[in-house]
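Structure file coords.cif (mmCIF, C-alpha atoms and all ligand atoms) follows.
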```cif
data_query
#
loop_
_atom_site.label_atom_id
_atom_site.label_comp_id
_atom_site.auth_asym_id
_atom_site.auth_seq_id
_atom_site.Cartn_x
_atom_site.Cartn_y
_atom_site.Cartn_z
CA MET G 1 -94.05 51.12 -84.91
CA ALA G 2 -91.20 52.72 -83.06
CA TRP G 3 -89.39 50.64 -80.49
CA THR G 4 -89.16 52.35 -77.16
CA GLU G 5 -87.46 51.35 -73.97
CA THR G 6 -88.75 52.22 -70.54
CA TYR G 7 -86.28 53.45 -67.98
CA HIS G 8 -86.77 53.67 -64.26
CA CYS G 9 -84.95 55.87 -61.81
CA ASP G 10 -82.42 53.71 -59.94
CA VAL G 11 -83.16 55.61 -56.74
CA CYS G 12 -86.96 56.16 -56.56
CA ASN G 13 -88.07 53.74 -59.33
CA LYS G 14 -90.10 56.40 -61.15
CA SER G 15 -90.57 55.54 -64.84
CA LYS G 16 -89.23 57.97 -67.42
CA LYS G 17 -91.66 59.61 -69.82
CA GLU G 18 -90.38 60.21 -73.34
CA THR G 19 -91.08 63.91 -72.97
CA GLU G 20 -88.84 64.23 -69.92
CA ASP G 21 -85.35 65.34 -70.87
CA ASP G 22 -84.13 66.53 -67.49
CA TRP G 23 -82.93 63.13 -66.30
CA TRP G 24 -79.31 62.34 -65.46
CA LEU G 25 -76.92 59.43 -65.80
CA ALA G 26 -74.28 58.43 -63.27
CA TRP G 27 -71.64 55.71 -63.21
CA ARG G 28 -68.54 54.75 -61.33
CA GLU G 29 -65.03 54.77 -62.74
CA PHE G 30 -61.61 54.27 -61.20
CA ILE G 31 -58.63 56.58 -61.19
CA THR G 32 -55.06 55.61 -60.32
CA PRO G 33 -53.09 58.60 -58.93
CA THR G 34 -49.73 56.96 -59.71
CA GLU G 35 -48.57 53.49 -60.73
CA ASN G 36 -47.80 52.61 -57.13
CA MET G 37 -51.06 53.75 -55.60
CA PRO G 38 -54.30 51.79 -55.51
CA ALA G 39 -57.10 52.78 -57.83
CA GLN G 40 -59.85 54.84 -56.26
CA PRO G 41 -63.44 55.30 -57.32
CA VAL G 42 -64.84 58.33 -59.14
CA LEU G 43 -68.54 59.10 -59.52
CA ARG G 44 -69.37 60.58 -62.89
CA LEU G 45 -72.57 62.45 -63.73
CA THR G 46 -73.84 63.60 -67.10
CA PRO G 47 -77.16 64.87 -68.52
CA TRP G 48 -79.43 62.22 -70.05
CA ASN G 49 -78.25 60.74 -73.33
CA PHE G 50 -80.22 57.90 -74.93
CA LEU G 51 -77.09 56.14 -76.21
CA LEU G 52 -75.32 56.25 -72.84
CA ALA G 53 -78.55 55.18 -71.10
CA HIS G 54 -78.20 51.69 -72.65
CA SER G 55 -74.94 51.01 -70.84
CA SER G 56 -75.37 48.23 -68.29
CA ASP G 57 -73.46 49.88 -65.45
CA VAL G 58 -75.04 53.31 -65.70
CA LYS G 59 -77.53 54.59 -63.12
CA HIS G 60 -80.63 56.41 -64.37
CA LEU G 61 -81.62 59.36 -62.22
CA CYS G 62 -84.87 61.33 -62.50
CA GLY G 63 -83.46 64.63 -61.24
CA ALA G 64 -81.16 66.49 -58.89
CA ARG G 65 -82.72 65.00 -55.78
CA CYS G 66 -82.10 61.40 -56.83
CA ALA G 67 -78.66 62.36 -58.19
CA GLN G 68 -77.88 63.65 -54.69
CA THR G 69 -79.09 60.38 -53.16
CA GLN G 70 -76.92 58.43 -55.60
CA MET G 71 -73.92 60.54 -54.56
CA ASP G 72 -74.73 59.91 -50.87
CA ARG G 73 -74.78 56.15 -51.56
CA PHE G 74 -71.51 56.33 -53.48
CA MET G 75 -69.84 58.27 -50.65
CA ALA G 76 -71.21 55.93 -47.99
CA ALA G 77 -69.87 52.93 -49.90
CA HIS G 78 -66.34 54.33 -50.10
CA ILE G 79 -65.55 55.71 -46.65
ZN ZN X 1 -85.75 59.33 -58.85
#
```
Taking this structure as input, can you express it in the form of structure tokens?
Ligand SMILES: [Zn+2]
Amino acid sequence: MAWTETYHCDVCNKSKKETEDDWWLAWREFITPTENMPAQPVLRLTPWNFLLAHSSDVKHLCGARCAQTQMDRFMAAHI
């Protein structure tokens, strides 16, 4: 029997069906403009990938609408 993992959208909590391949992954990284400047956050977004989906700090997003909400949250947290 194949082992499957159930993912939920981190915004709307919808569960992902195996047949759905239009999900997205987002995570936060930091970039340092120069040595003397503080690091600043970067939001990264990529199409669904089952290997990347395992990463503990990645957000699972069920589509463009929830990706937009995730970006809104990211922006609100860093202004
Ligand atoms: Zn969603």
What lies within 10 Å of His8 (chain G) using all atoms listed in the file, ignoring chain neighbours under 6 positions off, as number ranges by chain? G: 14-17, 59-62
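Take the candidates G:Ala77, G:Ile31, G:Ala26, G:Cys12 and check each one against ligand ZN 1 (chain X) using all atoms listed in the file; the shortest distance goes to G:Cys12.
If all atoms listed in the file are the atoms counted, then among G:Asp21, G:Asp72, G:Asp10, G:Glu29 the closest residue to ligand ZN 1 (chain X) is G:Asp10.
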Smallest atom-to-atom distance to ligand ZN 1 (chain X): which of G:Gly63, G:Met75, G:Phe30, G:Ala39, using only C-alpha atoms and all ligand atoms?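 Among the listed residues, the smallest separation from ligand ZN 1 (chain X) belongs to G:Gly63.
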Fewer than 4 positions away in the same chain doesn't count, so skip those; otherwise give me all residues within 8 Å of region 50-58 of chain G, counting all atoms listed in the file, as number ranges by chain. G: 25-28
Between CA of Thr46 (chain G) and CA of Trp23 (chain G), measure the distance and give it in Å to one decimal.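 Taking CA of Thr46 (chain G) as the start and CA of Trp23 (chain G) as the end point, the length is 9.1 Å.
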Output of chain G limited to C-alpha atoms, as a PDB file, in the first residue's frame:
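decode_37.pdb was written with the following content:
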```pdb
ATOM      1  CA  MET G   1       0.000   0.000   0.000  1.00  0.00           C
ATOM      2  CA  ALA G   2       1.337   3.371  -0.982  1.00  0.00           C
ATOM      3  CA  TRP G   3       2.042   5.837   1.771  1.00  0.00           C
ATOM      4  CA  THR G   4       0.395   9.161   1.177  1.00  0.00           C
ATOM      5  CA  GLU G   5       0.531  12.373   3.094  1.00  0.00           C
ATOM      6  CA  THR G   6      -2.339  14.796   3.356  1.00  0.00           C
ATOM      7  CA  TYR G   7      -1.600  18.464   2.952  1.00  0.00           C
ATOM      8  CA  HIS G   8      -3.813  21.351   3.908  1.00  0.00           C
ATOM      9  CA  CYS G   9      -3.750  24.864   2.553  1.00  0.00           C
ATOM     10  CA  ASP G  10      -2.081  27.098   5.153  1.00  0.00           C
ATOM     11  CA  VAL G  11      -4.535  29.883   4.351  1.00  0.00           C
ATOM     12  CA  CYS G  12      -8.010  28.278   3.934  1.00  0.00           C
ATOM     13  CA  ASN G  13      -7.264  24.798   5.388  1.00  0.00           C
ATOM     14  CA  LYS G  14      -8.613  22.985   2.317  1.00  0.00           C
ATOM     15  CA  SER G  15      -7.142  19.480   1.990  1.00  0.00           C
ATOM     16  CA  LYS G  16      -5.168  18.654  -1.130  1.00  0.00           C
ATOM     17  CA  LYS G  17      -6.425  15.893  -3.406  1.00  0.00           C
ATOM     18  CA  GLU G  18      -3.753  13.782  -5.087  1.00  0.00           C
ATOM     19  CA  THR G  19      -5.148  14.713  -8.483  1.00  0.00           C
ATOM     20  CA  GLU G  20      -4.689  18.434  -7.864  1.00  0.00           C
ATOM     21  CA  ASP G  21      -1.402  19.680  -9.260  1.00  0.00           C
ATOM     22  CA  ASP G  22      -2.131  23.394  -9.356  1.00  0.00           C
ATOM     23  CA  TRP G  23      -1.083  24.074  -5.768  1.00  0.00           C
ATOM     24  CA  TRP G  24       1.789  26.359  -4.799  1.00  0.00           C
ATOM     25  CA  LEU G  25       4.502  26.502  -2.171  1.00  0.00           C
ATOM     26  CA  ALA G  26       5.769  29.643  -0.469  1.00  0.00           C
ATOM     27  CA  TRP G  27       8.477  30.293   2.103  1.00  0.00           C
ATOM     28  CA  ARG G  28      10.440  33.134   3.563  1.00  0.00           C
ATOM     29  CA  GLU G  29      14.140  33.721   3.063  1.00  0.00           C
ATOM     30  CA  PHE G  30      16.468  36.572   3.973  1.00  0.00           C
ATOM     31  CA  ILE G  31      18.665  38.666   1.750  1.00  0.00           C
ATOM     32  CA  THR G  32      21.514  40.906   2.888  1.00  0.00           C
ATOM     33  CA  PRO G  33      22.073  43.826   0.463  1.00  0.00           C
ATOM     34  CA  THR G  34      25.629  44.421   1.733  1.00  0.00           C
ATOM     35  CA  GLU G  35      27.682  43.245   4.703  1.00  0.00           C
ATOM     36  CA  ASN G  36      26.800  46.369   6.648  1.00  0.00           C
ATOM     37  CA  MET G  37      23.074  46.307   6.083  1.00  0.00           C
ATOM     38  CA  PRO G  38      20.544  44.255   8.015  1.00  0.00           C
ATOM     39  CA  ALA G  39      19.039  41.203   6.379  1.00  0.00           C
ATOM     40  CA  GLN G  40      15.580  41.679   4.952  1.00  0.00           C
ATOM     41  CA  PRO G  41      12.887  39.127   4.223  1.00  0.00           C
ATOM     42  CA  VAL G  42      12.026  37.732   0.800  1.00  0.00           C
ATOM     43  CA  LEU G  43       8.874  35.780  -0.009  1.00  0.00           C
ATOM     44  CA  ARG G  44       9.490  32.970  -2.453  1.00  0.00           C
ATOM     45  CA  LEU G  45       6.806  31.178  -4.447  1.00  0.00           C
ATOM     46  CA  THR G  46       7.095  28.061  -6.579  1.00  0.00           C
ATOM     47  CA  PRO G  47       4.678  25.574  -8.180  1.00  0.00           C
ATOM     48  CA  TRP G  48       3.867  22.478  -6.113  1.00  0.00           C
ATOM     49  CA  ASN G  49       6.671  19.971  -5.738  1.00  0.00           C
ATOM     50  CA  PHE G  50       6.179  16.918  -3.515  1.00  0.00           C
ATOM     51  CA  LEU G  51       9.787  16.956  -2.278  1.00  0.00           C
ATOM     52  CA  LEU G  52       9.720  20.643  -1.361  1.00  0.00           C
ATOM     53  CA  ALA G  53       6.281  20.192   0.239  1.00  0.00           C
ATOM     54  CA  HIS G  54       7.889  18.173   3.068  1.00  0.00           C
ATOM     55  CA  SER G  55       9.979  21.108   4.235  1.00  0.00           C
ATOM     56  CA  SER G  56       8.864  22.263   7.679  1.00  0.00           C
ATOM     57  CA  ASP G  57       8.918  26.000   6.973  1.00  0.00           C
ATOM     58  CA  VAL G  58       7.095  25.912   3.649  1.00  0.00           C
ATOM     59  CA  LYS G  59       3.514  27.135   3.273  1.00  0.00           C
ATOM     60  CA  HIS G  60       1.113  25.041   1.192  1.00  0.00           C
ATOM     61  CA  LEU G  61      -1.239  27.104  -0.935  1.00  0.00           C
ATOM     62  CA  CYS G  62      -4.259  25.775  -2.852  1.00  0.00           C
ATOM     63  CA  GLY G  63      -4.170  28.388  -5.617  1.00  0.00           C
ATOM     64  CA  ALA G  64      -3.587  31.969  -6.683  1.00  0.00           C
ATOM     65  CA  ARG G  65      -6.157  33.367  -4.276  1.00  0.00           C
ATOM     66  CA  CYS G  66      -4.532  31.855  -1.193  1.00  0.00           C
ATOM     67  CA  ALA G  67      -1.063  32.701  -2.564  1.00  0.00           C
ATOM     68  CA  GLN G  68      -2.247  36.318  -2.714  1.00  0.00           C
ATOM     69  CA  THR G  69      -3.474  36.117   0.879  1.00  0.00           C
ATOM     70  CA  GLN G  70      -0.123  34.673   1.950  1.00  0.00           C
ATOM     71  CA  MET G  71       1.636  37.582   0.229  1.00  0.00           C
ATOM     72  CA  ASP G  72      -0.693  40.053   1.990  1.00  0.00           C
ATOM     73  CA  ARG G  73       0.209  38.468   5.344  1.00  0.00           C
ATOM     74  CA  PHE G  74       3.914  38.563   4.537  1.00  0.00           C
ATOM     75  CA  MET G  75       3.713  42.242   3.552  1.00  0.00           C
ATOM     76  CA  ALA G  76       1.658  43.140   6.624  1.00  0.00           C
ATOM     77  CA  ALA G  77       4.213  41.438   8.867  1.00  0.00           C
ATOM     78  CA  HIS G  78       7.137  43.399   7.432  1.00  0.00           C
ATOM     79  CA  ILE G  79       5.976  47.003   7.176  1.00  0.00           C
TER      80      ILE G  79
END
```
